[in-house]
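*Asks:* Below are the structure tokens for one structure; questions will follow.
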Amino acid sequence: MADFEIRDLRVTVEGREILKGISLDVNKGEVHAVMGPNGSGKSTLSHTLMGHPNYTVTSGEVIFKGKNLLALPTEQRAKLGVFLALQYPVVVPGISMSNFLRTAINAKRGYDGKDKSKAISPKEFLALLKNEMSVLRMDDSFLSRYVNEGFSGGEKKRAEILQMAVLKPEIAILDETDSGLDIDSIKFVSNAVNRMRGPELGVLIITHYTRILQFIKPDRVHVLVDGQFVLSGGPEVADRLEAKGYSEWVGKKEPAVIQEAR
Ligand code: ADP
Ligand code: MG
């Protein structure tokens with residue numbers, strides 16, 4: 001059994017089937033890339049894994065730590081160790097980054113506002129942030145700004161990765177974290193993710209372009225077209241996409257599903 005198993009997942013959005021039977025095994029220590037053209041269902045997958053209410057699961061399950069993730073509310077999924085970096089991070093007016101991050105860390109530690117010994121100390125909190133912020137090249141002023149308010153595209157994406165770094169998830173889903181990033185920011189973000197790689201973290205990088213995969217080397221690459229995986233393989237799959245794009249699948253009524261040996 002894999003650490004994180006998506007089994008035959010089918011999802012509809014507003015009555016239309018978007019994911020048409022997706023299965024994927026992710027183990028901690030592995031980085032998987034899910035690549036696909038616009039509208040193929042990549043964000044539907046990421047939102048479904050996190051429990052967004054607009055996405056209706058019609059069949060399938062996601063097994064993590066012996067539980068069906070899909071039966072749990074979003075905050076339980078996060079508490080279990082699943083993290084999603086959003087493609088379009090949301091602005092949270094009136095809440096500073098620093099408060100937001102502290103609250104998220106404390107929630108994960110089980111601090112309910114009562115037992116102070118469970119809360120992260122100010123010293124520990126600052127030490128944790130300082131390190132990660134320097135890798136992401138974020139200056140201290142970020143912490144006093146409201147979450148994502150007035151942030152550039154690149155700053156929002158870095159703020160998502162900062163959250164990931166401090167929350168230390170076991171399964172991280174990065175939904176087009178590379179889109180809207182200039183080449184320097186892609187490197188900073190990739191460095192931060194690469195630092196987190198290790199036996200305790202499984203990563204699902206969702207992307208349209210192969211560029212980020214030059215910096216974060218995936219173990220497996222899966223091609224999603226029209227809600228189905230049409231090809232899975234090693235990093236060479238990304239090279240094939242770089243050369244040929246998605247044209248060999250897009251627009252075909254029944255995309256040929258190519259299976260490669262694991
Ligand atoms: P990708 O992330 O691969 O670009 P999405 O998962 O965002 O693709 O979208 C897949 C399809 O589902 C698209 O046709 C999109 O219009 C539709 N879809 C996704 N989310 C919604 C939503 N909240 N409401 C209506 N349609 C949606
Ligand atoms: Mg998307």
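By order of appearance in the structure tokens: chains A, B, ..., then residues from 1 within every chain, and ligands from 1 in the order shown.
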Step by step, measure atom-to-atom distances between ligand 2 and each residue using only C-alpha atoms and all ligand atoms, keep those at most 10 Å, then write them as a ChimeraX atom specification.
*Replies:* /A:36-47,86-88,175-176,179,206-208
*Asks:* Write out the residues from the selection above, keeping all heavy atoms, as a compact mmCIF listing (two decimals), in the first residue's frame.
*Replies:*
# COMPACT_ATOMS: atom_id res chain seq x y z
N GLY A 36 -0.73 18.70 -17.41
CA GLY A 36 -1.86 18.62 -18.33
C GLY A 36 -2.19 19.97 -18.88
O GLY A 36 -1.84 21.00 -18.29
N PRO A 37 -2.88 19.98 -20.02
CA PRO A 37 -3.28 21.26 -20.62
C PRO A 37 -4.32 21.98 -19.76
O PRO A 37 -4.89 21.39 -18.84
CB PRO A 37 -3.87 20.85 -21.98
CG PRO A 37 -4.24 19.42 -21.84
CD PRO A 37 -3.33 18.83 -20.81
N ASN A 38 -4.57 23.23 -20.07
CA ASN A 38 -5.60 23.99 -19.36
C ASN A 38 -6.93 23.27 -19.46
O ASN A 38 -7.29 22.76 -20.52
CB ASN A 38 -5.76 25.37 -19.98
CG ASN A 38 -4.58 26.25 -19.66
OD1 ASN A 38 -3.97 26.12 -18.59
ND2 ASN A 38 -4.21 27.12 -20.58
N GLY A 39 -7.63 23.24 -18.34
CA GLY A 39 -8.97 22.65 -18.34
C GLY A 39 -8.99 21.14 -18.27
O GLY A 39 -10.06 20.53 -18.36
N SER A 40 -7.84 20.51 -18.06
CA SER A 40 -7.82 19.04 -18.04
C SER A 40 -8.31 18.47 -16.70
O SER A 40 -8.60 17.29 -16.60
CB SER A 40 -6.41 18.52 -18.35
OG SER A 40 -5.47 19.08 -17.47
N GLY A 41 -8.38 19.33 -15.68
CA GLY A 41 -8.90 18.87 -14.39
C GLY A 41 -7.86 18.89 -13.27
O GLY A 41 -8.08 18.35 -12.19
N LYS A 42 -6.75 19.57 -13.50
CA LYS A 42 -5.67 19.58 -12.50
C LYS A 42 -6.12 20.25 -11.19
O LYS A 42 -5.91 19.70 -10.12
CB LYS A 42 -4.42 20.30 -13.06
CG LYS A 42 -3.88 19.67 -14.34
CD LYS A 42 -2.59 20.32 -14.79
CE LYS A 42 -2.68 21.79 -15.15
NZ LYS A 42 -3.62 22.08 -16.27
N SER A 43 -6.71 21.43 -11.33
CA SER A 43 -7.14 22.11 -10.10
C SER A 43 -8.34 21.41 -9.48
O SER A 43 -8.53 21.45 -8.25
CB SER A 43 -7.48 23.58 -10.37
OG SER A 43 -6.30 24.28 -10.71
N THR A 44 -9.16 20.77 -10.31
CA THR A 44 -10.26 19.98 -9.78
C THR A 44 -9.71 18.89 -8.87
O THR A 44 -10.23 18.64 -7.77
CB THR A 44 -11.09 19.36 -10.94
OG1 THR A 44 -11.59 20.42 -11.74
CG2 THR A 44 -12.22 18.49 -10.43
N LEU A 45 -8.62 18.27 -9.29
CA LEU A 45 -7.97 17.25 -8.46
C LEU A 45 -7.47 17.86 -7.15
O LEU A 45 -7.75 17.35 -6.07
CB LEU A 45 -6.81 16.60 -9.24
CG LEU A 45 -5.98 15.57 -8.49
CD1 LEU A 45 -6.83 14.38 -8.04
CD2 LEU A 45 -4.81 15.08 -9.35
N SER A 46 -6.78 18.99 -7.24
CA SER A 46 -6.20 19.56 -6.01
C SER A 46 -7.31 20.03 -5.06
O SER A 46 -7.24 19.77 -3.86
CB SER A 46 -5.22 20.69 -6.34
OG SER A 46 -5.88 21.81 -6.85
N HIS A 47 -8.34 20.66 -5.60
CA HIS A 47 -9.44 21.12 -4.73
C HIS A 47 -10.19 19.95 -4.11
O HIS A 47 -10.61 20.02 -2.95
CB HIS A 47 -10.41 22.01 -5.51
CG HIS A 47 -9.88 23.38 -5.76
ND1 HIS A 47 -9.88 23.98 -6.99
CD2 HIS A 47 -9.32 24.28 -4.92
CE1 HIS A 47 -9.35 25.19 -6.90
NE2 HIS A 47 -8.99 25.40 -5.65
N LEU A 86 -2.42 26.82 -3.21
CA LEU A 86 -3.44 27.15 -4.21
C LEU A 86 -2.87 27.76 -5.47
O LEU A 86 -1.90 28.51 -5.43
CB LEU A 86 -4.43 28.15 -3.61
CG LEU A 86 -5.35 27.65 -2.50
CD1 LEU A 86 -6.01 28.83 -1.80
CD2 LEU A 86 -6.41 26.71 -3.07
N GLN A 87 -3.54 27.46 -6.60
CA GLN A 87 -3.17 28.13 -7.85
C GLN A 87 -3.48 29.63 -7.76
O GLN A 87 -2.71 30.45 -8.23
CB GLN A 87 -3.93 27.50 -9.02
CG GLN A 87 -3.60 28.15 -10.36
CD GLN A 87 -4.20 27.41 -11.54
OE1 GLN A 87 -4.97 26.47 -11.40
NE2 GLN A 87 -3.83 27.85 -12.73
N TYR A 88 -4.63 29.94 -7.15
CA TYR A 88 -5.02 31.34 -6.99
C TYR A 88 -5.21 31.63 -5.50
O TYR A 88 -6.32 31.54 -4.98
CB TYR A 88 -6.31 31.63 -7.75
CG TYR A 88 -6.19 31.36 -9.23
CD1 TYR A 88 -6.82 30.26 -9.82
CD2 TYR A 88 -5.40 32.18 -10.04
CE1 TYR A 88 -6.68 30.00 -11.17
CE2 TYR A 88 -5.25 31.92 -11.39
CZ TYR A 88 -5.90 30.83 -11.95
OH TYR A 88 -5.75 30.58 -13.29
N ASP A 175 -0.34 23.45 -6.61
CA ASP A 175 -1.13 23.65 -7.83
C ASP A 175 -0.61 24.85 -8.61
O ASP A 175 -0.88 25.99 -8.25
CB ASP A 175 -2.61 23.83 -7.48
CG ASP A 175 -3.51 23.75 -8.72
OD1 ASP A 175 -2.97 23.67 -9.85
OD2 ASP A 175 -4.74 23.77 -8.55
N GLU A 176 0.12 24.58 -9.66
CA GLU A 176 0.69 25.62 -10.53
C GLU A 176 1.40 26.70 -9.73
O GLU A 176 1.24 27.90 -10.00
CB GLU A 176 -0.39 26.21 -11.44
CG GLU A 176 -1.00 25.14 -12.32
CD GLU A 176 -1.24 25.57 -13.77
OE1 GLU A 176 -0.67 26.59 -14.19
OE2 GLU A 176 -1.96 24.85 -14.46
N SER A 179 3.26 29.03 -11.98
CA SER A 179 2.70 29.98 -12.94
C SER A 179 2.75 31.38 -12.38
O SER A 179 2.49 31.62 -11.21
CB SER A 179 1.27 29.58 -13.35
OG SER A 179 0.40 29.80 -12.27
N ILE A 206 1.62 20.04 -9.46
CA ILE A 206 0.68 20.16 -10.57
C ILE A 206 1.15 21.31 -11.44
O ILE A 206 1.35 22.42 -10.94
CB ILE A 206 -0.73 20.40 -10.03
CG1 ILE A 206 -1.18 19.17 -9.24
CG2 ILE A 206 -1.70 20.74 -11.15
CD1 ILE A 206 -2.54 19.28 -8.61
N THR A 207 1.36 21.04 -12.71
CA THR A 207 1.89 22.11 -13.55
C THR A 207 1.50 21.93 -15.01
O THR A 207 1.19 20.83 -15.47
CB THR A 207 3.44 22.20 -13.41
OG1 THR A 207 3.91 23.29 -14.19
CG2 THR A 207 4.12 20.93 -13.87
N HIS A 208 1.51 23.03 -15.71
CA HIS A 208 1.21 23.06 -17.12
C HIS A 208 2.51 22.97 -17.92
O HIS A 208 2.57 22.40 -19.00
CB HIS A 208 0.50 24.39 -17.38
CG HIS A 208 0.07 24.62 -18.78
ND1 HIS A 208 -1.15 24.22 -19.24
CD2 HIS A 208 0.71 25.20 -19.82
CE1 HIS A 208 -1.25 24.56 -20.52
NE2 HIS A 208 -0.14 25.14 -20.89
*Asks:* Considering only C-alpha atoms, return as a PyMOL selection string whatever protein or nucleic-acid residues lie within 7 Å of Gly51 in chain A, sequence-local ones (same chain, fewer than 6 positions apart) excluded.
*Replies:* chain A and resi 70+73-74
*Asks:* Could you write out the selected residues, including N, CA and C atoms, as a compact mmCIF listing (two decimals), in the first residue's frame?
*Replies:*
# COMPACT_ATOMS: atom_id res chain seq x y z
N LEU A 70 -11.50 11.63 1.81
CA LEU A 70 -12.65 12.30 1.20
C LEU A 70 -13.83 12.40 2.16
N PRO A 73 -13.64 16.54 6.92
CA PRO A 73 -13.68 17.98 6.61
C PRO A 73 -12.26 18.49 6.34
N THR A 74 -12.19 19.60 5.62
CA THR A 74 -10.90 20.15 5.19
C THR A 74 -9.90 20.30 6.33
*Asks:* Return the single residue from A:Tyr111, A:Tyr146, A:Tyr55, A:Phe151 that is closest to ligand 1, with distances computed using only C-alpha atoms and all ligand atoms.
*Replies:*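 Closest residue, counting only C-alpha atoms and all ligand atoms: A:Tyr55.
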*Asks:* Could you pull out the strand (DSSP E or B) residues of range 43-217 of chain A, going by DSSP on the backbone, and write them as a PyMOL selection string?
*Replies:* chain A and resi 55-64+67-68+82-85+92-96+146-147+171-175+198+201-207
*Asks:* Rounded to one decimal, what separation in Å do you get between CA of Thr56 in chain A and CA of Val13 in chain A?
*Replies:*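 Answer for the CA of Thr56 in chain A to CA of Val13 in chain A separation: 6.3 Å.
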*Asks:* From the set A:Ile18, A:Ala243, A:Leu101, A:Val62, which residue has the shortest atom-to-atom contact distance to ligand 1, counting only C-alpha atoms and all ligand atoms?
*Replies:*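 Ranked by minimum distance to ligand 1, first place goes to A:Ile18.
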*Asks:* Counting only C-alpha atoms and all ligand atoms, which residue out of A:Leu72, A:Ala172, A:Val34, A:Met133 sits closest to ligand 1?
*Replies:* A:Val34
*Asks:* Tell me which of A:Val26, A:Ala71, A:Met196, A:Val92 sits closest to Thr48 in chain A, counting only C-alpha atoms.
*Replies:*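 Nearest to Thr48 in chain A: A:Ala71.
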*Asks:* For Val11 in chain A, which residue out of A:Leu241, A:Val57, A:Ile105, A:Ile205 is the nearest one, using only C-alpha atoms?
*Replies:*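 Using only C-alpha atoms, the shortest distance to Val11 in chain A belongs to A:Val57.
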*Asks:* According to DSSP computed on the backbone, where in range 27-242 of chain A is there helix (DSSP H, G or I)? Give the residues as a PyMOL selection string.
*Replies:* chain A and resi 42-50+69-71+74-80+97-109+116-118+122-135+141-144+153-167+183-196+211-214+236-242
*Asks:* If you count only C-alpha atoms, which residues fall within 9 Å of Thr210 in chain A, apart from same-chain ones fewer than 2 positions away, as a PyMOL selection string?
*Replies:* chain A and resi 35+207-208+212-214+238-239+241-242
*Asks:* With N, CA, C and O atoms kept, could you save the residues just selected as a short mmCIF file (atom, residue, chain, number, x, y, z; two decimals), in the first residue's frame?
*Replies:*
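Printed below is result-v8.cif as written:
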data_model
loop_
_atom_site.label_atom_id
_atom_site.label_comp_id
_atom_site.auth_asym_id
_atom_site.auth_seq_id
_atom_site.Cartn_x
_atom_site.Cartn_y
_atom_site.Cartn_z
N MET A 35 0.89 16.69 -14.97
CA MET A 35 0.94 17.72 -16.01
C MET A 35 -0.26 17.59 -16.92
O MET A 35 -0.72 16.49 -17.19
N THR A 207 1.36 21.04 -12.71
CA THR A 207 1.89 22.11 -13.55
C THR A 207 1.50 21.93 -15.01
O THR A 207 1.19 20.83 -15.47
N HIS A 208 1.51 23.03 -15.71
CA HIS A 208 1.21 23.06 -17.12
C HIS A 208 2.51 22.97 -17.92
O HIS A 208 2.57 22.40 -19.00
N ILE A 212 9.42 24.09 -14.14
CA ILE A 212 9.74 23.91 -12.72
C ILE A 212 10.38 22.54 -12.48
O ILE A 212 11.15 22.35 -11.53
N LEU A 213 10.10 21.60 -13.38
CA LEU A 213 10.65 20.24 -13.21
C LEU A 213 12.14 20.16 -13.53
O LEU A 213 12.79 19.16 -13.26
N GLN A 214 12.66 21.24 -14.10
CA GLN A 214 14.12 21.30 -14.26
C GLN A 214 14.80 21.58 -12.93
O GLN A 214 15.96 21.28 -12.74
N ALA A 238 8.32 14.15 -19.01
CA ALA A 238 8.34 15.61 -19.07
C ALA A 238 9.14 16.08 -20.30
O ALA A 238 8.75 17.05 -20.97
N ASP A 239 10.21 15.38 -20.61
CA ASP A 239 11.01 15.74 -21.78
C ASP A 239 10.19 15.57 -23.06
O ASP A 239 10.26 16.40 -23.98
N LEU A 241 6.98 15.82 -23.29
CA LEU A 241 6.01 16.92 -23.36
C LEU A 241 6.67 18.21 -23.80
O LEU A 241 6.10 18.99 -24.56
N GLU A 242 7.89 18.41 -23.32
CA GLU A 242 8.63 19.62 -23.69
C GLU A 242 8.80 19.66 -25.21
O GLU A 242 8.67 20.69 -25.85
#
*Asks:* One decimal, Å: what's the distance from CA of Gly234 in chain A over to CA of Thr12 in chain A, could you say?
*Replies:*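 Taking CA of Gly234 in chain A as the start and CA of Thr12 in chain A as the end point, the length is 29.3 Å.
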*Asks:* Which of these, A:Ser23, A:Thr103, A:Asn68, A:Asn54, has the shortest distance to ligand 1 once you count only C-alpha atoms and all ligand atoms?
*Replies:*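 Under the stated criterion, the closest residue is A:Asn54.
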*Asks:* When you draw a straight line from CA of Val193 in chain A to CA of Leu224 in chain A, how long is it in Å?
*Replies:*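 Taking CA of Val193 in chain A and CA of Leu224 in chain A, their separation equals 22.8 Å.
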*Asks:* List the neighbours of Leu80 in chain A out to 12 Å using only C-alpha atoms; skip same-chain residues closer than 5 positions along the sequence, and give me the result as a PyMOL selection string.
*Replies:* chain A and resi 4+50+63-69+72-75+107-110+167-172
